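Student: I'd like to ask some things about the structure below.
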4 protein chains.
Amino acid sequence: MNKIKLDGIFPPLITSFENDEVALDKFADNIQKLNSANLSGYVVLGSNGETCFLTKNEKLSLISKVKSTASDGKIIIAGTGMDSIKETVSLTNDAAFEGADAALILTPSFFKGRMNHDALLEYFSAVADQVKIPVIIYNVPKFTNVVIQPKTVKELAKHKNICGIKSSSTDIAYLGEISNLVNTDFNILAGTASILYAGLCLGASGGILAAANLLPNECVKIYESYKSGNLDEALSLQNNLLAVNKAITATFGVAGLKKAMDWLGYYGGLPRSPLQKLNNNEEEKLKQILIEENYLSK
Amino acid sequence: MNKIKLDGIFPPLITSFENDEVALDKFADNIQKLNSANLSGYVVLGSNGETCFLTKNEKLSLISKVKSTASDGKIIIAGTGMDSIKETVSLTNDAAFEGADAALILTPSFFKGRMNHDALLEYFSAVADQVKIPVIIYNVPKFTNVVIQPKTVKELAKHKNICGIKSSSTDIAYLGEISNLVNTDFNILAGTASILYAGLCLGASGGILAAANLLPNECVKIYESYKSGNLDEALSLQNNLLAVNKAITATFGVAGLKKAMDWLGYYGGLPRSPLQKLNNNEEEKLKQILIEENYLSK
Amino acid sequence: MNKIKLDGIFPPLITSFENDEVALDKFADNIQKLNSANLSGYVVLGSNGETCFLTKNEKLSLISKVKSTASDGKIIIAGTGMDSIKETVSLTNDAAFEGADAALILTPSFFKGRMNHDALLEYFSAVADQVKIPVIIYNVPKFTNVVIQPKTVKELAKHKNICGIKSSSTDIAYLGEISNLVNTDFNILAGTASILYAGLCLGASGGILAAANLLPNECVKIYESYKSGNLDEALSLQNNLLAVNKAITATFGVAGLKKAMDWLGYYGGLPRSPLQKLNNNEEEKLKQILIEENYLSK
Amino acid sequence: MNKIKLDGIFPPLITSFENDEVALDKFADNIQKLNSANLSGYVVLGSNGETCFLTKNEKLSLISKVKSTASDGKIIIAGTGMDSIKETVSLTNDAAFEGADAALILTPSFFKGRMNHDALLEYFSAVADQVKIPVIIYNVPKFTNVVIQPKTVKELAKHKNICGIKSSSTDIAYLGEISNLVNTDFNILAGTASILYAGLCLGASGGILAAANLLPNECVKIYESYKSGNLDEALSLQNNLLAVNKAITATFGVAGLKKAMDWLGYYGGLPRSPLQKLNNNEEEKLKQILIEENYLSK
């Protein structure tokens with residue numbers, strides 16, 4: 001079992017639904033469109049994949065589909081974390097069987113007040129010991145209200161089957177502290193486009209970015225500009241994404257992300273029940289932002 | 001399908017583990033001891049049951065065991081809520097098959113910022129439409145960071161298969177507002193011993209109380225004193241429980257609850273990994289509280 | 001220096017402004033109208049008094065005015081707490097000179113994460129040692145993000161110049177715990193109408209209620225019904241206030257409280273800059289609530 | 001009235017106390033030591049100055065002292081914001097009279113839930129209209145629980161007497177969004193050492209850093225390395241400060257900052273009552289961090 005190298009841009013794929021059922025063909029259509037961009041791979045079953053609303057069978061069918069649809073060389077990362085260690089190990093190994101190259105594992109969060117250093121060390125160690133693919137720690141306090149401490153990450157980074165962290169917090173002091181505590185072969189991935197540039201400046205190797213579902217080339221270009229030393233260009237490109245990224249994440253969430261994808265030539269569709277679609281007013285506001293930022297014509 | 005009447009006291013049973021595996025015999029032992037108290041029934045797979053750490057098979061085996069062990073007339077309530085409507089319906093109907101009389105359904109919470117009136121109305125309506133036993137809404141912001149609004153509860157209370165709410169918030173304005181908005185046949189259950197008396201004063205019909213795992217008679221007596229009009233006695237009895245209740249819930253959580261059960265003649269044991277047991281210092285503090293409050297001798 | 005007895009209902013008076021300046025005559029008009037109700041006294045410079053926007057001179061002029069306008073026997077409580085002990089002592093003693101009978105002292109809150117047991121014990125002890133009128137602790141986490149712990153209140157209740165607490169949290173477990181820890185001569189005042197009835201059931205002696213600015217008799221009647229043993233009536237009367245109370249506190253705040261006062265025959269006027277008045281949509285919603293609850297005709 | 005240029009590093013000076021009284025001589029001693037570093041100026045009456053515990057006279061004496069003690073060319077920034085517009089204007093103009101070159105104005109925060117775009121636009125515009133020195137907006141949600149939105153900052157940046165923002169949030173998406181919305185002559189100052197490097201990368205012109213009270217040269221060197229294009233060195237230097245900065249801010253607060261200053265040759269002393277000094281255990285932990293990071297020998 002070897003540590004995997006994760007750099008560049010990965011979209012956390014949305015899950016496509018028709019009549020509230022998983023639509024694998026629409027899902028595959030999006031991937032085929034994304035294949036032409038210089039993305040490093042795909043994340044399936046992330047937060048934006050509405051994974052919390054899926055059954056186990058649906059989850060495995062999505063992994064299988066992304067594996068069979070992704071172009072050669074794309075790394076497949078599957079979000080398989082649950083509070084239960086048993087369930088997480090079981091799903092992760094099934095995901096590996098379906099073709100996942102790495103697992104993105106949420107911090108457990110039900111007992112949020114108790115998920116301290118010892119608990120999270122135990123959780124991630126136990127999972128990493130038992131799964132067949134490398135583990136990426138997923139820190140996303142917006143959804144979990146749990147923050148895995150930098151000292152815990154430092155310890156876990158020594159585990160031979162834990163290869164990185166996706167940090168979806170916008171707290172750059174947090175990302176910087178982790179970057180300073182781990183070796184350079186530990187992959188730090190920015191979890192949202194608005195922190196990509198600053199993350200790269202502090203040692204991140206790439207990003208898992210919702211915005212890459214609809215603007216993959218724009219996201220990749222930030223990364224490539226940074227890597228080739230064109231810092232001003234990288235920052236400028238990121239700035240061009242800020243308003244849209246805020247709209248499809250913080251402001252309008254998955255429903256907004258999907259609606260924007262519809263407008264930009266992908267299949268977005270509706271979120272799964274009980275998540276609500278945008279109302280007309282929200283839809284209009286989102287459209288205005290896309291127009292103002294020149295991603296959509298009037 | 002009829003609405004069920006829920007009054008009196010229900011312990012949310014802990015799940016017993018040995019060597020980190022579910023220990024059904026120890027679980028049954030506790031129930032047999034509790035059978036002698038005048039409890040109205042049992043909640044299995046509540047928050048204190050560490051349900052988030054269990055597999056589906058483990059969950060069903062626990063429901064089956066409580067059904068076969070509970071004395072006659074005890075109402076069995078199973079905690080079967082998950083974010084996924086499909087998974088929730090499936091588990092709830094399996095729980096009904098195993099003997100559960102009602103289902104305690106958590107508010108979905110992954111997309112906490114989006115779980116507004118419309119989303120929760122849709123979620124609970126969809127679940128209640130498809131399950132074979134009555135639904136009790138479970139509002140527990142401490143764990144979910146979601147509060148189901150009183151106006152949503154008012155709407156849901158009209159559904160013929162939604163019979164009540166467990167309100168684990170200590171916000172009495174919230175409980176009072178709900179009580180004022182629903183009909184008296186809608187069961188309002190206080191979710192922690194510290195709000196039982198005030199809850200009863202405002203129209204609650206009983207409580208689902210962690211403290212009833214180890215002090216069932218003391219909890220029942222509060223209810224009975226209130227019902228027989230001895231308000232001063234009821235308040236005094238509740239006051240006697242405050243310090244212990246705080247220790248086994250807010251301060252030390254499930255690990256504290258289990259340790260206290262060990263001391264009071266039940267099988268507590270350890271929480272499941274990754275939840276941590278009390279350290280020596282915490283254990284000593286908990287013991288002091290039980291001694292000071294006269295539930296344990298030195 | 002003797003402890004003062006505080007029971008019954010106190011309105012936390014709004015501060016009247018005209019052209020953004022304190023309007024003492026309008027302020028006095030409201031008090032004269034309120035004098036006819038069976039209120040126990042008045043709170044001046046509470047949260048709803050927009051005290052944070054006032055200069056020291058304005059504060060003292062308001063205390064002086066309420067003293068000269070209140071009918072005989074009304075207890076005058078002045079909100080004089082600030083983070084600085086020196087400033088708090090100075091203002092409190094000036095308030096005493098102007099006629100205040102007791103001081104309502106906010107928990108200091110700038111360094112919110114540091115306001116622990118020791119800090120708050122030291123703060124309130126130091127203030128109480130140096131001021132000439134009894135101190136009422138003011139716990140209002142909605143505005144301070146600080147909660148003074150029950151064990152701290154227990155200690156402070158022994159101070160000969162600390163006579164009570166206004167608890168504006170709706171957490172009834174908190175109020176109940178304090179009530180259980182202090183002697184009966186320590187005054188516990190409910191901080192909002194929605195917890196008045198439950199508070200009285202748990203040992204509170206009255207309330208400081210924003211709603212008493214516009215519905216003084218309705219608030220007093222809850223208290224009197226409770227005191228005369230008509231519990232069902234007391235609860236029913238409180239239930240009648242819930243929707244309006246929520247609107248003029250949580251939903252619309254001071255701007256809503258003032259607008260409702262305008263409609264019910266008092267002088268509400270506008271909040272002081274930078275606090276914003278209600279927009280048309282909010283105003284319409286507030287009016288609908290007052291109409292639905294029969295406090296206003298169409 | 002002209003906009004002022006703020007770049008480089010400013011320490012937010014602690015206020016020195018002896019026997020709980022302001023000790024102007026000790027305060028001046030610290031400034032004299034700091035004068036030799038290449039700092040751009042001083043902030044007096046910031047959060048770390050325990051301004052919330054000071055009287056108006058004490059505040060003015062501190063401004064006067066820093067003015068008379070600072071070496072030539074140092075810019076003096078005074079923290080003069082309060083919720084009350086009147087009080088803020090009055091103190092700010094007195095501060096200008098005492099020699100302050102600019103005013104750092106906190107977002108008002110008592111009615112935190114109401115401090116929206118319109119309220120903050122009105123507040124800062126009103127203050128800036130009436131004060132004689134340029135205004136720096138101070139966004140510090142850790143203490144205020146208020147975040148001034150980027151769109152509000154964008155509007156305020158057009159005011160001829162508002163010259164910048166101190167952003168003490170570690171949310172780099174926030175700082176990046178503001179940087180993208182304002183002109184380059186609007187000064188963005190990082191509010192803590194852990195975000196200085198990332199802040200500079202995104203367009204900040206410097207920082208107001210607690211760490212600069214005790215490690216001024218180390219802080220200045222990060223800035224200078226960045227400015228001279230030595231990015232790796234700048235990042236490396238910042239990384240060297242991370243552990244100490246966390247200890248003297250998030251972990252141990254002002255009491256920790258002051259204790260560390262004592263050890264490094266400045267006068268720290270005790271925080272003012274009611275803020276508590278470190279206990280022995282905390283003091284030992286802080287010392288270990290300073291030793292491990294090579295700022296103190298064993």
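All residue names refer to the structure tokens as shown: chains lettered A, B, ... in order, residues numbered from 1 in each chain, ligands numbered from 1 in order.
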With only C-alpha atoms considered, list every residue of chain D at most 10 Å from chain C, as a PyMOL selection string.

Tutor: chain D and resi 47-48+50-56+82-88+108-116+118-124+126+142-145+250+252-254+272-277

Student: May I have the residues within 10 Å of Leu257 in chain D as a list in words, using only C-alpha atoms and disregarding those fewer than 6 positions away in the same chain?

Tutor: Ile14, Asn48, Ala210, Ala211, Asn213, Leu214, Val244, Asn245, Ala247, Ile248, Thr249, Gly268, Gly269, Leu270, Pro271 and Leu286 of chain D

Student: Create the file for the chosen residues now, containing N, CA, C and O atoms and written as a PDB file, in the first residue's frame.

Tutor:
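Writing the result to out.pdb gives the following:
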ATOM      1  N   ILE D  14      -0.180  46.526  24.221  1.00  0.00           N
ATOM      2  CA  ILE D  14      -0.884  46.181  25.459  1.00  0.00           C
ATOM      3  C   ILE D  14      -0.927  47.424  26.342  1.00  0.00           C
ATOM      4  O   ILE D  14      -0.116  48.336  26.204  1.00  0.00           O
ATOM      5  N   ASN D  48      -6.294  43.959  22.347  1.00  0.00           N
ATOM      6  CA  ASN D  48      -5.262  43.510  23.278  1.00  0.00           C
ATOM      7  C   ASN D  48      -4.869  44.593  24.269  1.00  0.00           C
ATOM      8  O   ASN D  48      -4.160  44.320  25.231  1.00  0.00           O
ATOM      9  N   ALA D 210      -0.590  41.130  17.258  1.00  0.00           N
ATOM     10  CA  ALA D 210      -0.279  41.004  18.683  1.00  0.00           C
ATOM     11  C   ALA D 210       1.165  40.549  18.881  1.00  0.00           C
ATOM     12  O   ALA D 210       1.860  41.024  19.786  1.00  0.00           O
ATOM     13  N   ALA D 211       1.614  39.647  18.027  1.00  0.00           N
ATOM     14  CA  ALA D 211       2.970  39.109  18.163  1.00  0.00           C
ATOM     15  C   ALA D 211       4.037  40.188  18.041  1.00  0.00           C
ATOM     16  O   ALA D 211       5.153  40.023  18.552  1.00  0.00           O
ATOM     17  N   ASN D 213       4.179  42.841  19.581  1.00  0.00           N
ATOM     18  CA  ASN D 213       4.473  43.402  20.894  1.00  0.00           C
ATOM     19  C   ASN D 213       5.741  42.809  21.496  1.00  0.00           C
ATOM     20  O   ASN D 213       6.390  43.442  22.324  1.00  0.00           O
ATOM     21  N   LEU D 214       6.030  41.563  21.127  1.00  0.00           N
ATOM     22  CA  LEU D 214       7.190  40.907  21.741  1.00  0.00           C
ATOM     23  C   LEU D 214       8.207  40.422  20.720  1.00  0.00           C
ATOM     24  O   LEU D 214       9.364  40.201  21.060  1.00  0.00           O
ATOM     25  N   VAL D 244       3.839  30.206  18.583  1.00  0.00           N
ATOM     26  CA  VAL D 244       3.816  31.262  19.598  1.00  0.00           C
ATOM     27  C   VAL D 244       2.610  32.169  19.402  1.00  0.00           C
ATOM     28  O   VAL D 244       1.913  32.523  20.363  1.00  0.00           O
ATOM     29  N   ASN D 245       2.334  32.514  18.172  1.00  0.00           N
ATOM     30  CA  ASN D 245       1.193  33.389  17.919  1.00  0.00           C
ATOM     31  C   ASN D 245      -0.109  32.766  18.401  1.00  0.00           C
ATOM     32  O   ASN D 245      -0.945  33.432  19.012  1.00  0.00           O
ATOM     33  N   ALA D 247      -0.443  30.636  20.780  1.00  0.00           N
ATOM     34  CA  ALA D 247      -0.434  30.611  22.249  1.00  0.00           C
ATOM     35  C   ALA D 247      -0.822  31.965  22.839  1.00  0.00           C
ATOM     36  O   ALA D 247      -1.596  32.037  23.795  1.00  0.00           O
ATOM     37  N   ILE D 248      -0.294  33.049  22.264  1.00  0.00           N
ATOM     38  CA  ILE D 248      -0.537  34.374  22.860  1.00  0.00           C
ATOM     39  C   ILE D 248      -1.834  35.011  22.375  1.00  0.00           C
ATOM     40  O   ILE D 248      -2.180  36.117  22.803  1.00  0.00           O
ATOM     41  N   THR D 249      -2.536  34.343  21.487  1.00  0.00           N
ATOM     42  CA  THR D 249      -3.841  34.868  21.067  1.00  0.00           C
ATOM     43  C   THR D 249      -4.928  33.853  21.419  1.00  0.00           C
ATOM     44  O   THR D 249      -5.474  33.899  22.509  1.00  0.00           O
ATOM     45  N   GLY D 268       5.094  43.119  30.754  1.00  0.00           N
ATOM     46  CA  GLY D 268       3.782  42.576  30.464  1.00  0.00           C
ATOM     47  C   GLY D 268       2.838  42.845  31.625  1.00  0.00           C
ATOM     48  O   GLY D 268       1.882  43.579  31.510  1.00  0.00           O
ATOM     49  N   GLY D 269       3.183  42.253  32.759  1.00  0.00           N
ATOM     50  CA  GLY D 269       2.345  42.431  33.937  1.00  0.00           C
ATOM     51  C   GLY D 269       1.038  41.666  33.836  1.00  0.00           C
ATOM     52  O   GLY D 269       0.884  40.796  32.967  1.00  0.00           O
ATOM     53  N   LEU D 270       0.120  42.022  34.710  1.00  0.00           N
ATOM     54  CA  LEU D 270      -1.147  41.290  34.762  1.00  0.00           C
ATOM     55  C   LEU D 270      -2.218  41.990  33.930  1.00  0.00           C
ATOM     56  O   LEU D 270      -2.168  43.204  33.753  1.00  0.00           O
ATOM     57  N   PRO D 271      -3.183  41.226  33.454  1.00  0.00           N
ATOM     58  CA  PRO D 271      -4.336  41.861  32.835  1.00  0.00           C
ATOM     59  C   PRO D 271      -5.152  42.570  33.923  1.00  0.00           C
ATOM     60  O   PRO D 271      -4.984  42.306  35.110  1.00  0.00           O
ATOM     61  N   LEU D 286       2.765  27.614  28.285  1.00  0.00           N
ATOM     62  CA  LEU D 286       3.205  28.744  27.456  1.00  0.00           C
ATOM     63  C   LEU D 286       4.724  28.796  27.401  1.00  0.00           C
ATOM     64  O   LEU D 286       5.326  28.985  26.330  1.00  0.00           O
TER      65      LEU D 286
END

Student: Go through D:Ala190, D:Ile148, D:Leu24, D:Leu156 and flag the residue nearest Leu202 in chain D, using only C-alpha atoms for the distances.

Tutor: D:Ala190

Student: Mind pulling up the distance from CA of Ser194 in chain D to CA of Asn239 in chain D?

Tutor: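 Pair CA of Asn239 in chain D / CA of Ser194 in chain D returns 8.0 Å.
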
Student: Give me, as a list in words, all polymer residues having an atom no more than 10 Å from Ser168 in chain D, counting only C-alpha atoms and skipping those fewer than 4 positions away in the same chain.

Tutor: Tyr138, Asn139, Val140, Pro141, Lys142, Phe143, Leu175, Leu189, Ala190, Gly191, Thr192, Ala193, Ile195, Gly207, Ile208 and Leu209 of chain D

Student: Keeping only all heavy atoms, write the selected residues as a CSV table (one decimal), in the first residue's frame.

Tutor:
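For reference, part34.csv as written:
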chain,number,residue,atom,x,y,z
D,138,TYR,N,-12.8,48.0,11.7
D,138,TYR,CA,-12.2,46.9,12.5
D,138,TYR,C,-13.2,45.7,12.6
D,138,TYR,O,-14.2,45.8,13.3
D,138,TYR,CB,-11.8,47.4,13.9
D,138,TYR,CG,-11.1,46.4,14.8
D,138,TYR,CD1,-10.5,45.2,14.3
D,138,TYR,CD2,-11.0,46.7,16.2
D,138,TYR,CE1,-9.8,44.4,15.2
D,138,TYR,CE2,-10.3,45.8,17.0
D,138,TYR,CZ,-9.7,44.7,16.5
D,138,TYR,OH,-9.0,43.8,17.4
D,139,ASN,N,-12.8,44.7,11.8
D,139,ASN,CA,-13.7,43.5,11.8
D,139,ASN,C,-13.0,42.4,12.6
D,139,ASN,O,-12.0,41.8,12.3
D,139,ASN,CB,-13.8,43.0,10.3
D,139,ASN,CG,-14.7,41.8,10.2
D,139,ASN,OD1,-15.9,41.9,10.5
D,139,ASN,ND2,-14.2,40.6,9.8
D,140,VAL,N,-13.7,42.1,13.8
D,140,VAL,CA,-13.1,41.1,14.7
D,140,VAL,C,-14.2,40.2,15.3
D,140,VAL,O,-14.6,40.4,16.4
D,140,VAL,CB,-12.2,41.8,15.8
D,140,VAL,CG1,-13.0,42.8,16.6
D,140,VAL,CG2,-11.4,40.8,16.6
D,141,PRO,N,-14.7,39.3,14.5
D,141,PRO,CA,-15.9,38.5,14.9
D,141,PRO,C,-15.6,37.7,16.2
D,141,PRO,O,-16.6,37.4,16.9
D,141,PRO,CB,-16.2,37.6,13.7
D,141,PRO,CG,-15.0,37.8,12.7
D,141,PRO,CD,-14.4,39.1,13.1
D,142,LYS,N,-14.4,37.4,16.4
D,142,LYS,CA,-14.1,36.7,17.7
D,142,LYS,C,-14.6,37.4,18.9
D,142,LYS,O,-15.0,36.8,19.8
D,142,LYS,CB,-12.5,36.5,17.8
D,142,LYS,CG,-12.0,35.9,19.1
D,142,LYS,CD,-10.5,35.9,19.1
D,142,LYS,CE,-10.0,35.5,20.4
D,142,LYS,NZ,-8.5,35.6,20.5
D,143,PHE,N,-14.5,38.7,18.9
D,143,PHE,CA,-15.0,39.5,20.0
D,143,PHE,C,-16.4,40.1,19.8
D,143,PHE,O,-17.1,40.3,20.8
D,143,PHE,CB,-14.0,40.6,20.3
D,143,PHE,CG,-12.7,40.1,20.8
D,143,PHE,CD1,-11.5,40.5,20.2
D,143,PHE,CD2,-12.6,39.2,21.9
D,143,PHE,CE1,-10.3,40.1,20.7
D,143,PHE,CE2,-11.4,38.8,22.3
D,143,PHE,CZ,-10.2,39.2,21.7
D,175,LEU,N,-11.1,37.9,3.4
D,175,LEU,CA,-10.1,38.9,3.0
D,175,LEU,C,-9.9,39.0,1.5
D,175,LEU,O,-9.8,40.1,1.0
D,175,LEU,CB,-8.8,38.6,3.8
D,175,LEU,CG,-7.7,39.7,3.7
D,175,LEU,CD1,-6.8,39.5,5.0
D,175,LEU,CD2,-6.8,39.6,2.5
D,189,LEU,N,-5.3,45.4,6.3
D,189,LEU,CA,-4.3,45.0,7.3
D,189,LEU,C,-4.7,43.7,7.9
D,189,LEU,O,-5.9,43.5,8.4
D,189,LEU,CB,-4.2,46.1,8.4
D,189,LEU,CG,-3.6,47.4,7.9
D,189,LEU,CD1,-3.8,48.5,9.0
D,189,LEU,CD2,-2.2,47.3,7.5
D,190,ALA,N,-3.8,42.7,7.9
D,190,ALA,CA,-4.1,41.4,8.5
D,190,ALA,C,-4.1,41.6,10.0
D,190,ALA,O,-3.3,42.3,10.6
D,190,ALA,CB,-3.0,40.4,8.1
D,191,GLY,N,-5.0,40.9,10.7
D,191,GLY,CA,-5.2,41.2,12.1
D,191,GLY,C,-4.5,40.2,13.0
D,191,GLY,O,-4.6,40.3,14.2
D,192,THR,N,-3.8,39.2,12.4
D,192,THR,CA,-3.1,38.3,13.3
D,192,THR,C,-1.9,37.7,12.4
D,192,THR,O,-2.1,37.5,11.2
D,192,THR,CB,-4.0,37.2,13.9
D,192,THR,OG1,-3.2,36.3,14.7
D,192,THR,CG2,-4.6,36.3,12.8
D,193,ALA,N,-0.8,37.4,13.1
D,193,ALA,CA,0.4,36.9,12.4
D,193,ALA,C,0.1,35.7,11.6
D,193,ALA,O,0.8,35.5,10.6
D,193,ALA,CB,1.5,36.7,13.4
D,195,ILE,N,-2.1,34.9,9.6
D,195,ILE,CA,-2.6,35.2,8.2
D,195,ILE,C,-1.8,36.2,7.5
D,195,ILE,O,-2.3,36.7,6.4
D,195,ILE,CB,-4.1,35.5,8.2
D,195,ILE,CG1,-4.4,36.8,8.9
D,195,ILE,CG2,-5.0,34.4,8.9
D,195,ILE,CD1,-5.8,37.4,8.6
D,207,GLY,N,0.1,44.4,8.5
D,207,GLY,CA,-0.7,43.8,9.6
D,207,GLY,C,-0.6,44.5,10.9
D,207,GLY,O,0.4,45.2,11.2
D,208,ILE,N,-1.6,44.3,11.7
D,208,ILE,CA,-1.7,44.8,13.1
D,208,ILE,C,-1.6,43.5,13.9
D,208,ILE,O,-2.6,42.7,13.9
D,208,ILE,CB,-2.9,45.6,13.4
D,208,ILE,CG1,-3.0,46.8,12.5
D,208,ILE,CG2,-3.0,45.9,14.9
D,208,ILE,CD1,-4.2,47.7,12.6
D,209,LEU,N,-0.5,43.2,14.5
D,209,LEU,CA,-0.2,41.8,15.0
D,209,LEU,C,0.2,41.8,16.4
D,209,LEU,O,1.2,42.4,16.8
D,209,LEU,CB,1.0,41.2,14.2
D,209,LEU,CG,0.9,41.4,12.6
D,209,LEU,CD1,2.2,40.8,12.0
D,209,LEU,CD2,-0.3,40.7,12.1

Student: Please provide the set of residues having any atom within 6 Å of Ile136 in chain D, restricted to only C-alpha atoms, with same-chain residues fewer than 4 positions apart removed, written as a list in words.

Tutor: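 So, after excluding close chain neighbours, the residues are Ala103, Leu104, Cys163, Gly164 and Ile165 of chain D.
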
Student: Compile the contact shell of Gln238 in chain C as a list in words: residues with an atom at most 10 Å away, counting only C-alpha atoms, same-chain residues fewer than 6 positions apart removed.

Tutor: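 With the cut-off at 10 Å, the set is Gly176 and Asn180 of chain B; Ala193, Ser194, Ile195, Leu196, Tyr197, Ala198, Glu218, Cys219, Lys221, Ile222, Tyr223, Asp232 and Asn245 of chain C.
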
Student: Near Leu296 in chain C, counting only C-alpha atoms, which residues have an atom at most 10 Å away, once you skip same-chain residues fewer than 2 positions from it, shown as a JSON list (two decimals) with N, CA, C and O atoms, in the first residue's frame?

Tutor:
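Wrote selection.json, looks like this:
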[["chain", "number", "residue", "atom", "x", "y", "z"],
["C", 260, "ALA", "N", -44.98, 48.45, 17.28],
["C", 260, "ALA", "CA", -46.19, 47.91, 17.91],
["C", 260, "ALA", "C", -46.70, 48.87, 18.98],
["C", 260, "ALA", "O", -47.91, 49.05, 19.16],
["C", 263, "TRP", "N", -48.77, 51.56, 17.49],
["C", 263, "TRP", "CA", -50.12, 51.12, 17.14],
["C", 263, "TRP", "C", -51.03, 50.95, 18.37],
["C", 263, "TRP", "O", -52.23, 51.04, 18.27],
["C", 264, "LEU", "N", -50.43, 50.65, 19.50],
["C", 264, "LEU", "CA", -51.25, 50.38, 20.69],
["C", 264, "LEU", "C", -51.37, 51.57, 21.63],
["C", 264, "LEU", "O", -51.75, 51.42, 22.79],
["C", 287, "LYS", "N", -47.95, 43.78, 11.75],
["C", 287, "LYS", "CA", -49.34, 44.19, 11.91],
["C", 287, "LYS", "C", -50.28, 42.99, 11.83],
["C", 287, "LYS", "O", -51.21, 42.86, 12.63],
["C", 288, "GLN", "N", -50.01, 42.10, 10.90],
["C", 288, "GLN", "CA", -50.86, 40.91, 10.77],
["C", 288, "GLN", "C", -50.88, 40.09, 12.05],
["C", 288, "GLN", "O", -51.91, 39.57, 12.46],
["C", 289, "ILE", "N", -49.73, 39.97, 12.68],
["C", 289, "ILE", "CA", -49.67, 39.19, 13.92],
["C", 289, "ILE", "C", -50.51, 39.86, 15.01],
["C", 289, "ILE", "O", -51.28, 39.20, 15.71],
["C", 290, "LEU", "N", -50.39, 41.17, 15.10],
["C", 290, "LEU", "CA", -51.17, 41.88, 16.12],
["C", 290, "LEU", "C", -52.66, 41.77, 15.85],
["C", 290, "LEU", "O", -53.47, 41.68, 16.78],
["C", 291, "ILE", "N", -53.03, 41.75, 14.57],
["C", 291, "ILE", "CA", -54.45, 41.60, 14.22],
["C", 291, "ILE", "C", -54.93, 40.19, 14.52],
["C", 291, "ILE", "O", -55.97, 40.00, 15.16],
["C", 292, "GLU", "N", -54.15, 39.21, 14.07],
["C", 292, "GLU", "CA", -54.54, 37.81, 14.31],
["C", 292, "GLU", "C", -54.70, 37.50, 15.79],
["C", 292, "GLU", "O", -55.53, 36.69, 16.19],
["C", 293, "GLU", "N", -53.85, 38.11, 16.58],
["C", 293, "GLU", "CA", -53.90, 37.84, 18.02],
["C", 293, "GLU", "C", -54.84, 38.79, 18.75],
["C", 293, "GLU", "O", -54.87, 38.81, 19.99],
["C", 294, "ASN", "N", -55.60, 39.57, 17.96],
["C", 294, "ASN", "CA", -56.65, 40.43, 18.53],
["C", 294, "ASN", "C", -56.16, 41.57, 19.41],
["C", 294, "ASN", "O", -56.86, 42.02, 20.31],
["C", 298, "LYS", "N", -58.45, 45.40, 12.30],
["C", 298, "LYS", "CA", -58.01, 45.61, 10.91],
["C", 298, "LYS", "C", -58.08, 47.06, 10.46],
["C", 298, "LYS", "O", -59.08, 47.70, 10.60]]

Student: Could you jot down the CA of Asp29 in chain D to CA of Ile9 in chain D separation for me, Å, one decimal place?

Tutor: 19.3 Å

Student: Would you compute the distance between CA of Gly46 in chain B and CA of Asn19 in chain B? Give it in Å to one decimal.

Tutor: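 Going from CA of Gly46 in chain B over to CA of Asn19 in chain B, I get 21.3 Å.
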
Student: Which residues, written as a JSON list (two decimals) with N, CA and C atoms, in the first residue's frame, have at least one atom at most 7 Å from Thr69 in chain D, with only C-alpha atoms counted and residues fewer than 6 positions away on the same chain left out?

Tutor:
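Contents of out34.json, as written:
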[["chain", "number", "residue", "atom", "x", "y", "z"],
["D", 28, "ALA", "N", 5.28, 53.31, 28.40],
["D", 28, "ALA", "CA", 6.25, 54.05, 27.61],
["D", 28, "ALA", "C", 7.55, 53.27, 27.44],
["D", 31, "ILE", "N", 7.25, 50.98, 24.56],
["D", 31, "ILE", "CA", 7.29, 51.69, 23.29],
["D", 31, "ILE", "C", 8.73, 52.07, 22.93],
["D", 32, "GLN", "N", 9.46, 52.52, 23.94],
["D", 32, "GLN", "CA", 10.86, 52.89, 23.66],
["D", 32, "GLN", "C", 11.66, 51.71, 23.14]]

Student: Which residue, C:Asn93, C:Gly81, C:Gly229, C:Leu242, has the smallest gap to Pro150 in chain B when you use only C-alpha atoms?

Tutor: C:Leu242
